[in-house]
2 protein chains.
Amino acid sequence: MPSDALWLTPSELRAWLGLVAVAELLPAQLDSQLQHDAGLTHFEYQVLAMLSEARSRTLRMSDLARRTNATLPRLSHVVRRLEDRGLVERAPCADDRRATNAHLTAAGWDLVVQTAPGHVATARALVVDALSAEQVAQLEDLTRTMLLRLDPEGRLTPPLDEVGRDDEGRDGASAT
Amino acid sequence: MPSDALWLTPSELRAWLGLVAVAELLPAQLDSQLQHDAGLTHFEYQVLAMLSEARSRTLRMSDLARRTNATLPRLSHVVRRLEDRGLVERAPCADDRRATNAHLTAAGWDLVVQTAPGHVATARALVVDALSAEQVAQLEDLTRTMLLRLDPEGRLTPPLDEVGRDDEGRDGASAT
DNA sequence: GTCGGACGGTTGACGCGACAACTTCACGCT
DNA sequence: AGCGTGAAGTTGTCGCGTCAACCGTCCGAC
C-alpha cells in the first residue's frame, strides 16, 4: 500500500532508519566477537556451522553457497583458507565429477563446538535478552514478512522445517 | 532474562536467525540498487545525504564519521574518491586548523536529489510496504530497543530529535 | 555418437575497509 | 615560553569479496 509514493511518514521513517542502523551494526559486532574468540569471520562460522549440521558433516560447494547466501567464488576462497587451517577438507564428488564436497574435519568440529556457546551468549546479550517474549514473537513475525521480499527464493533459513520442529539439543552445536 | 544460558528456545532461534538473515540481505540490496541507479555505495549515499541535511551542507570529518558509523580512515578514503568525482569538496577548518570540512558541491546536491526518490521507493518495496501500520510501529519499537544495546552511545540515528518532529518535506531529500 | 549449451568450480585482478604509523595542531601545565 | 599529551586527518599495507575469464563435466538434440 504505497501511502505516499515519494516519501515516508515519520513513523515509517523511524522504523526504516532503525532497521538500517541495526543491519549496519549487528553484523559488525558478530564479526568482532567471533574474530576475537575464535579467529573466525561470521561468514566462516556460518560455513562451519552449516557443515556441522549436515549429514556426515559434508556438503557440496553449491549447496553450501546457497545456504550461506554466498557467491561460488567467495565460498571457494573462504573454503581454501579454512582448508589451509585444517578446519575443512575438499574432495571431488563421486556422483558428479564436476562437483566438490566440503567436509568438516575433527578440528573444525571441535572449533564449532567450542565457539557456539559464546556466539549464543552474544546473540542473547545483543538482542534476545533485551526483548520480552511478546517482542520475540513480533520479531519472528516481522522478519518472516520481510524475508518474503528480501529472499523470495527462501534460500536463507531453508531449514525452517528443521527449526520448526521443537526438538532441541540436536547434532550441530551451531546457531548460525 | 537469560532463560537457558546456553541455548535459544525455538521461538527465539527463529527470531534470531530471521534477524541475522535480514541484516545480511538488506545492506546488499541497498548497495545494489544505489550502485545501479547512481553509481553509489549505500555508505557513499549516506555521506552525501548527511551533508545535504547539514547547515550549509558542510560537516567536519569527525562529525560525519560519527554520524555514519565510520572510522576516520574509511571516511577519509571515501571522501577523497567523492572529491575526485566532484561531488564533495574539502577545505581546512578555520576554527581548528587540525580539522577538515567536507562540503557538498552543487553536483553532489543534484545527485542526492535525483537519487533519493528511487532509494525511498526501494525502502518501500523491500520493507515498508510489506508491513501493516501496526507492524511498522512494532518495528520502530523493536529497533529502538535493540539499538540501546547495539549502539549504547546513540551515535547512529542521532537526529532522532529531528525525526521526532512531525515536519515533512524539509531540506534534505535524503532518507539515509 | 557427438556437439553445443549449460552447470560446477577455481583462479587472478581489482576495489574497498581495517589497522597501524605518522603528521600536524590544540591545549593544559609549569 | 616550552613541554607533553591527546585529538584530527591522511597515507600505506594487507585481507577479503566481486567480477570476469577460464576449465572440465554433464546432458539433451540430432
# chains A, B, ... in the order shown; residues from 1 in each chain; ligands from 1
>>> closest_atom_pairs(of="chain A", to="chain D", cutoff="10 Å", atoms="only C-alpha atoms (C1' of nucleotides)", output="tab-separated table")
residue	atom	partner	partner_atom	distance
A:Ala70	CA	D:DG17	C1'	9.8
A:Thr71	CA	D:DT18	C1'	9.0
A:Pro73	CA	D:DT18	C1'	8.5
A:Arg74	CA	D:DG17	C1'	6.3
A:Leu75	CA	D:DG17	C1'	9.8
A:His77	CA	D:DC16	C1'	9.1
A:Val78	CA	D:DC16	C1'	8.9
A:Asp96	CA	D:DT25	C1'	8.0
A:Arg97	CA	D:DT25	C1'	6.5
A:Arg98	CA	D:DT25	C1'	5.3
A:Ala99	CA	D:DT25	C1'	8.9
>>> write_last_selection(atoms="C-alpha atoms", output="compact mmCIF listing (two decimals), in the first residue's frame")
# COMPACT_ATOMS: atom_id res chain seq x y z
CA ALA A 70 27.42 -16.63 -0.86
CA THR A 71 28.65 -16.49 -4.42
CA PRO A 73 33.88 -17.63 -5.93
CA ARG A 74 33.62 -16.21 -2.45
CA LEU A 75 32.91 -19.60 -0.95
CA HIS A 77 38.22 -18.62 -1.50
CA VAL A 78 36.94 -18.99 2.04
CA ASP A 96 29.11 -35.71 -10.31
CA ARG A 97 32.69 -35.30 -11.28
CA ARG A 98 32.30 -31.57 -11.72
CA ALA A 99 31.28 -31.13 -8.11
>>> interface_residues(of="chain A", to="chain B", cutoff="6 Å", atoms="only C-alpha atoms", output="PyMOL selection string")
chain A and resi 1+6+15+18+23+117+126-127+129+139-140+143+146+149
>>> write_last_selection(atoms="all heavy atoms", output="tab-separated table (two decimals), in the first residue's frame")
chain	number	residue	atom	x	y	z
A	1	MET	N	0.85	-1.21	0.00
A	1	MET	CA	0.00	0.00	0.00
A	1	MET	C	0.88	1.25	0.00
A	1	MET	O	1.14	1.84	1.04
A	1	MET	CB	-0.88	-0.02	1.23
A	1	MET	CG	-0.11	-0.22	2.54
A	1	MET	SD	-1.15	-0.62	3.93
A	1	MET	CE	-1.52	-2.33	3.59
A	6	LEU	N	6.35	9.00	-2.75
A	6	LEU	CA	7.65	9.65	-2.77
A	6	LEU	C	8.35	9.74	-1.42
A	6	LEU	O	9.53	10.07	-1.37
A	6	LEU	CB	7.52	11.05	-3.35
A	6	LEU	CG	7.38	11.12	-4.85
A	6	LEU	CD1	7.33	12.57	-5.31
A	6	LEU	CD2	8.53	10.38	-5.51
A	15	ALA	N	11.10	3.75	11.78
A	15	ALA	CA	11.25	2.30	11.70
A	15	ALA	C	12.32	1.92	10.69
A	15	ALA	O	13.18	1.08	10.95
A	15	ALA	CB	9.91	1.66	11.33
A	18	GLY	N	15.79	2.87	11.85
A	18	GLY	CA	16.18	1.94	12.90
A	18	GLY	C	16.63	0.62	12.33
A	18	GLY	O	17.67	0.07	12.72
A	23	ALA	N	20.87	-3.22	10.89
A	23	ALA	CA	21.50	-4.04	9.85
A	23	ALA	C	22.95	-3.63	9.63
A	23	ALA	O	23.74	-4.41	9.10
A	23	ALA	CB	20.71	-3.91	8.55
A	117	PRO	N	28.78	-21.75	22.16
A	117	PRO	CA	28.19	-21.14	23.36
A	117	PRO	C	28.44	-19.64	23.43
A	117	PRO	O	27.52	-18.87	23.75
A	117	PRO	CB	28.91	-21.87	24.50
A	117	PRO	CG	29.33	-23.17	23.91
A	117	PRO	CD	29.66	-22.88	22.48
A	126	LEU	N	23.18	-9.16	22.81
A	126	LEU	CA	22.93	-8.05	21.88
A	126	LEU	C	21.46	-7.86	21.57
A	126	LEU	O	21.01	-6.75	21.30
A	126	LEU	CB	23.69	-8.28	20.57
A	126	LEU	CG	25.21	-8.19	20.64
A	126	LEU	CD1	25.82	-8.43	19.27
A	126	LEU	CD2	25.63	-6.83	21.18
A	127	VAL	N	20.70	-8.95	21.58
A	127	VAL	CA	19.32	-8.84	21.11
A	127	VAL	C	18.32	-9.58	22.00
A	127	VAL	O	17.46	-8.96	22.63
A	127	VAL	CB	19.19	-9.40	19.67
A	127	VAL	CG1	17.73	-9.42	19.23
A	127	VAL	CG2	20.03	-8.56	18.71
A	129	ASP	N	17.96	-11.17	24.84
A	129	ASP	CA	17.64	-10.90	26.24
A	129	ASP	C	17.10	-9.50	26.47
A	129	ASP	O	16.62	-9.18	27.55
A	129	ASP	CB	18.88	-11.11	27.11
A	129	ASP	CG	19.16	-12.58	27.36
A	129	ASP	OD1	18.29	-13.40	27.02
A	129	ASP	OD2	20.24	-12.91	27.90
A	139	LEU	N	9.22	-10.02	16.50
A	139	LEU	CA	10.42	-10.03	15.65
A	139	LEU	C	10.40	-11.20	14.69
A	139	LEU	O	10.73	-11.07	13.50
A	139	LEU	CB	11.68	-10.09	16.53
A	139	LEU	CG	13.02	-10.08	15.80
A	139	LEU	CD1	13.16	-8.85	14.92
A	139	LEU	CD2	14.17	-10.16	16.79
A	140	GLU	N	10.00	-12.33	15.20
A	140	GLU	CA	9.88	-13.52	14.36
A	140	GLU	C	8.93	-13.25	13.20
A	140	GLU	O	9.24	-13.55	12.04
A	140	GLU	CB	9.34	-14.66	15.25
A	140	GLU	CG	9.40	-16.03	14.65
A	140	GLU	CD	8.77	-17.05	15.59
A	140	GLU	OE1	8.73	-16.80	16.83
A	140	GLU	OE2	8.29	-18.08	15.11
A	143	THR	N	10.42	-10.47	10.71
A	143	THR	CA	11.49	-10.94	9.83
A	143	THR	C	10.95	-11.91	8.79
A	143	THR	O	11.38	-11.90	7.64
A	143	THR	CB	12.60	-11.64	10.64
A	143	THR	OG1	12.04	-12.72	11.39
A	143	THR	CG2	13.29	-10.66	11.57
A	146	MET	N	9.48	-9.76	6.12
A	146	MET	CA	10.49	-9.05	5.33
A	146	MET	C	11.25	-10.00	4.43
A	146	MET	O	11.59	-9.67	3.29
A	146	MET	CB	11.47	-8.33	6.27
A	146	MET	CG	10.82	-7.17	7.01
A	146	MET	SD	12.02	-6.12	7.89
A	146	MET	CE	12.14	-6.95	9.46
A	149	ARG	N	10.18	-10.65	0.96
A	149	ARG	CA	10.60	-9.70	-0.07
A	149	ARG	C	12.10	-9.79	-0.33
A	149	ARG	O	12.55	-9.73	-1.47
A	149	ARG	CB	10.29	-8.26	0.38
A	149	ARG	CG	8.83	-7.98	0.64
A	149	ARG	CD	8.09	-7.71	-0.65
A	149	ARG	NE	6.70	-7.34	-0.42
A	149	ARG	CZ	6.23	-6.10	-0.53
A	149	ARG	NH1	7.05	-5.12	-0.88
A	149	ARG	NH2	4.96	-5.83	-0.30
>>> interface_residues(of="chain C", to="chain B", cutoff="9 Å", atoms="only C-alpha atoms (C1' of nucleotides)", output="PyMOL selection string")
chain C and resi 16-18+24-26
>>> write_last_selection(atoms="N, CA and C atoms (P, O5', C5', C4', C3', O3' and C1' of nucleotides)", output="PDB file, in the first residue's frame")
ATOM      1  P    DC C  16      36.396   1.530  -4.905  1.00  0.00           P
ATOM      2  O5'  DC C  16      36.045   1.071  -3.422  1.00  0.00           O
ATOM      3  C5'  DC C  16      34.990   0.131  -3.228  1.00  0.00           C
ATOM      4  C4'  DC C  16      35.133  -0.522  -1.869  1.00  0.00           C
ATOM      5  C3'  DC C  16      35.335   0.469  -0.714  1.00  0.00           C
ATOM      6  O3'  DC C  16      34.467   0.113   0.340  1.00  0.00           O
ATOM      7  C1'  DC C  16      37.038  -1.162  -0.698  1.00  0.00           C
ATOM      8  P    DG C  17      34.288   1.110   1.561  1.00  0.00           P
ATOM      9  O5'  DG C  17      34.993   0.293   2.734  1.00  0.00           O
ATOM     10  C5'  DG C  17      34.360  -0.881   3.248  1.00  0.00           C
ATOM     11  C4'  DG C  17      35.196  -1.484   4.359  1.00  0.00           C
ATOM     12  C3'  DG C  17      35.495  -0.546   5.523  1.00  0.00           C
ATOM     13  O3'  DG C  17      35.329  -1.243   6.744  1.00  0.00           O
ATOM     14  C1'  DG C  17      37.516  -1.309   4.566  1.00  0.00           C
ATOM     15  P    DA C  18      35.798  -0.622   8.142  1.00  0.00           P
ATOM     16  O5'  DA C  18      37.162  -1.389   8.467  1.00  0.00           O
ATOM     17  C5'  DA C  18      37.158  -2.805   8.548  1.00  0.00           C
ATOM     18  C4'  DA C  18      38.448  -3.315   9.167  1.00  0.00           C
ATOM     19  C3'  DA C  18      38.865  -2.599  10.449  1.00  0.00           C
ATOM     20  O3'  DA C  18      39.431  -3.543  11.358  1.00  0.00           O
ATOM     21  C1'  DA C  18      40.501  -2.233   8.747  1.00  0.00           C
ATOM     22  P    DT C  24      54.352  17.830   9.404  1.00  0.00           P
ATOM     23  O5'  DT C  24      53.100  18.606   9.991  1.00  0.00           O
ATOM     24  C5'  DT C  24      51.870  18.576   9.269  1.00  0.00           C
ATOM     25  C4'  DT C  24      50.726  18.939  10.200  1.00  0.00           C
ATOM     26  C3'  DT C  24      50.962  20.206  11.032  1.00  0.00           C
ATOM     27  O3'  DT C  24      49.961  21.155  10.710  1.00  0.00           O
ATOM     28  C1'  DT C  24      50.038  18.465  12.334  1.00  0.00           C
ATOM     29  P    DC C  25      50.124  22.677  11.194  1.00  0.00           P
ATOM     30  O5'  DC C  25      49.210  22.712  12.500  1.00  0.00           O
ATOM     31  C5'  DC C  25      47.815  22.496  12.335  1.00  0.00           C
ATOM     32  C4'  DC C  25      47.218  22.135  13.671  1.00  0.00           C
ATOM     33  C3'  DC C  25      47.257  23.241  14.728  1.00  0.00           C
ATOM     34  O3'  DC C  25      45.933  23.600  15.064  1.00  0.00           O
ATOM     35  C1'  DC C  25      47.805  21.114  15.637  1.00  0.00           C
ATOM     36  P    DA C  26      45.626  24.948  15.832  1.00  0.00           P
ATOM     37  O5'  DA C  26      45.097  24.413  17.236  1.00  0.00           O
ATOM     38  C5'  DA C  26      43.922  23.620  17.256  1.00  0.00           C
ATOM     39  C4'  DA C  26      43.763  22.995  18.625  1.00  0.00           C
ATOM     40  C3'  DA C  26      43.742  24.009  19.780  1.00  0.00           C
ATOM     41  O3'  DA C  26      42.585  23.783  20.543  1.00  0.00           O
ATOM     42  C1'  DA C  26      45.322  22.287  20.191  1.00  0.00           C
TER      43       DA C  26
END
>>> atom_distance(atom1="atom C1' of C:DC7", atom2="atom CA of A:Val79")
20.2 Å
>>> select_by_dssp(residues="stretch 63-167 of chain A", states="alpha helix (DSSP H)", output="PyMOL selection string")
chain A and resi 63-68+72-84+106-126+133-150+160-164
>>> residues_around(residues="B:Glu44", least_positions_apart="2", cutoff="12 Å", atoms="only C-alpha atoms (C1' of nucleotides)", output="MDAnalysis selection string")
(chainID B and resid 30:31 34:35 38:42 46:51 64:65 68 70 74:83 85 87:88 108 111:112 115 176) or (chainID C and resid 16)
>>> residues_around(residues="A:Leu59", least_positions_apart="2", cutoff="7 Å", atoms="only C-alpha atoms (C1' of nucleotides)", output="ChimeraX atom specification")
/A:51,54,57,61,63-64,101-103
>>> atom_distance(atom1="atom CA of A:Glu89", atom2="atom C1' of C:DG9")
15.2 Å
